[in-house]
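A quick write-up on the structure given underneath.
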There are 2 protein chains.
Amino acid sequence: MNDLTNTISIGELAKQFDVTARAIRFYEEQGLLHPVREGTHRIYYAKDTVRLKLILRGKRLGFSLAEIKTLFALYDTDPNSTVQLETMLELTQQKREVLNQQLHDIKMLLAELDEVEARCKEELNEFTQQSGNSSHA
Amino acid sequence: MNDLTNTISIGELAKQFDVTARAIRFYEEQGLLHPVREGTHRIYYAKDTVRLKLILRGKRLGFSLAEIKTLFALYDTDPNSTVQLETMLELTQQKREVLNQQLHDIKMLLAELDEVEARCKEELNEFTQQSGNSSHA
DNA sequence: ATTTGACTTTACGTAAACGTAAACCTAATG
DNA sequence: CATTAGGTTTACGTTTACGTAAAGTCAAAT
């Protein structure tokens with residue numbers, strides 16, 4: 001309707017990120033999104049879509065919505081006191097450790113997948129060499 | 001008691017990996033572990049601890065226990081039919097994509113943490129340069 | 001003999017992250 | 001004007017991954 005603005009509705013946002021509108025409302029309920037109201041309807045700006053992108057990224061990494069919220073607090077904090085700043089640095093350090101652990105885990109899993117794949121391909125080679133038998137249960 | 005064997009009890013296993021015995025029993029209930037029984041008690045061999053390590057690693061990566069179970073199926077499948085092997089290869093490929101997505105996510109997050117940290121340190125420098133004011137809210 | 005400690009099963013409780021249904025409003029469209 | 005498409009709130013349901021009693025078994029130590 002108001003096509004001159006760069007705002008979108010909840011349905012459009014949902015479609016853009018392949019999540020349900022329910023999920024988006026839930027994120028708002030948990031304090032992760034703060035859309036403006038146009039009458040009764042929610043309208044979303046570019047900054048909101050950035051937020052949603054960050055939420056989904058966090059989720060893919062196994063963070064809870066609560067954790068994601070504290071990560072947002074990191075971003076949003078108006079850095080006025082040195083105490084806050086130092087707290088922030090501690091938090092970033094903690095997150096860094098978690099992420100590095102995940103990096104390690106991923107590398108291990110990828111290595112294991114390599115092994116499985118290699119095993120599979122060997123077996124398949126034996127099959128195709130010995131018999132022209134193609135695959136049917 | 002039987003200290004000549006390399007088996008351990010559920011309590012020892014729990015302590016080793018810093019999880020509860022309840023969790024371990026639950027993993028068994030879900031078909032992820034298959035300890036031998038000595039009378040009524042569960043006893044765990046080295047292969048079981050390897051399994052548990054894999055379970056926890058999977059969990060850290062945000063996989064559900066059900067997904068971990070199918071990953072185990074990958075390992076355990078007796079590779080007799082080419083169909084099974086090809087299915088396995090497809091699954092490893094899927095997992096690979098997920099893991100690569102996570103790798104990307106982690107790198108993005110780490111980069112964002114870098115920014116936050118840099119911002120913090122700048123602010124802290126301003127404080128310490130301009131005033132001897134140490135930190136109190 | 002009894003207490004202690006570690007184990008067992010059964011079963012109900014819980015937090016997180018939504019799904020789903022009900023019942024409503026409201027703007028655009030045939 | 002009635003319908004359809006999208007939005008709203010409220011509220012209860014669901015799945016996952018365990019937590020937390022309750023009540024019993026069994027071996028070892030006091």
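Following the order of the structure tokens, first chain is A, next is B, and so on, with residues numbered from 1 inside each chain and ligands from 1 in the order they appear.
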Counting only C-alpha atoms (C1' of nucleotides), a student should be able to say which residues of chain B come within 10 Å of chain C; what is the right answer, written as an MDAnalysis selection string? chainID B and resid 9:11 40:42
Return as a short mmCIF file (atom, residue, chain, number, x, y, z; two decimals) with N, CA and C atoms (P, O5', C5', C4', C3', O3' and C1' of nucleotides), in the first residue's frame the residues belonging to chain D that are within 9 Å of chain B, counting only C-alpha atoms (C1' of nucleotides).
```cif
data_model
loop_
_atom_site.label_atom_id
_atom_site.label_comp_id
_atom_site.auth_asym_id
_atom_site.auth_seq_id
_atom_site.Cartn_x
_atom_site.Cartn_y
_atom_site.Cartn_z
P DT D 16 9.99 -34.90 19.36
"O5'" DT D 16 11.10 -34.12 20.19
"C5'" DT D 16 11.54 -32.88 19.73
"C4'" DT D 16 12.51 -32.30 20.73
"C3'" DT D 16 13.49 -33.32 21.32
"O3'" DT D 16 14.78 -32.73 21.34
"C1'" DT D 16 12.33 -32.22 23.06
P DA D 17 16.06 -33.70 21.54
"O5'" DA D 17 16.40 -33.49 23.07
"C5'" DA D 17 16.67 -32.18 23.54
"C4'" DA D 17 16.74 -32.19 25.05
"C3'" DA D 17 17.51 -33.38 25.66
"O3'" DA D 17 18.31 -32.91 26.74
"C1'" DA D 17 15.42 -33.21 26.64
P DC D 18 19.61 -33.74 27.13
"O5'" DC D 18 19.05 -35.03 27.89
"C5'" DC D 18 19.07 -35.08 29.31
"C4'" DC D 18 18.05 -34.14 29.93
"C3'" DC D 18 17.94 -34.26 31.44
"O3'" DC D 18 18.70 -33.23 32.05
"C1'" DC D 18 15.81 -33.99 30.39
P DG D 19 19.04 -33.37 33.59
"O5'" DG D 19 17.71 -32.90 34.33
"C5'" DG D 19 17.32 -31.54 34.27
"C4'" DG D 19 16.31 -31.23 35.39
"C3'" DG D 19 16.72 -31.65 36.80
"O3'" DG D 19 16.20 -30.70 37.73
"C1'" DG D 19 14.77 -32.85 36.15
P DT D 25 12.56 -54.71 46.67
"O5'" DT D 25 13.96 -54.56 45.91
"C5'" DT D 25 14.04 -54.74 44.49
"C4'" DT D 25 15.51 -54.78 44.08
"C3'" DT D 25 16.37 -55.77 44.87
"O3'" DT D 25 17.24 -56.44 43.97
"C1'" DT D 25 17.31 -53.62 44.99
#
```
Could you pull the residues within 12 Å of Thr92 (chain A), counting only C-alpha atoms (C1' of nucleotides), minus those fewer than 2 positions along the same chain, as a ChimeraX atom specification? /A:70-75,85-90,94-99 /B:109-120
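Closest approach to chain B from the set A:Ala46, A:Leu32, A:Leu61, A:Leu91 is made by A:Leu61, with distances taken over only C-alpha atoms.
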Among region 8-42 of chain B, which ones does DSSP assign to strand (DSSP E) (computed from the backbone)? Answer as a PyMOL selection string. chain B and resi 36-38+41-42
Using Å and a single decimal, report how far CA of Leu33 (chain B) sits from CA of Leu52 (chain B). 7.7 Å
What parts of chain A does DSSP call helix (DSSP H, G or I)? I'd like the answer as a PyMOL selection string. chain A and resi 10-17+21-29+46-60+65-76+82-130
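Minimum atom-to-atom distances from B:Tyr44, B:Glu126, B:Lys69, B:Arg60 to chain A were compared using only C-alpha atoms, and the lowest value belongs to B:Arg60.
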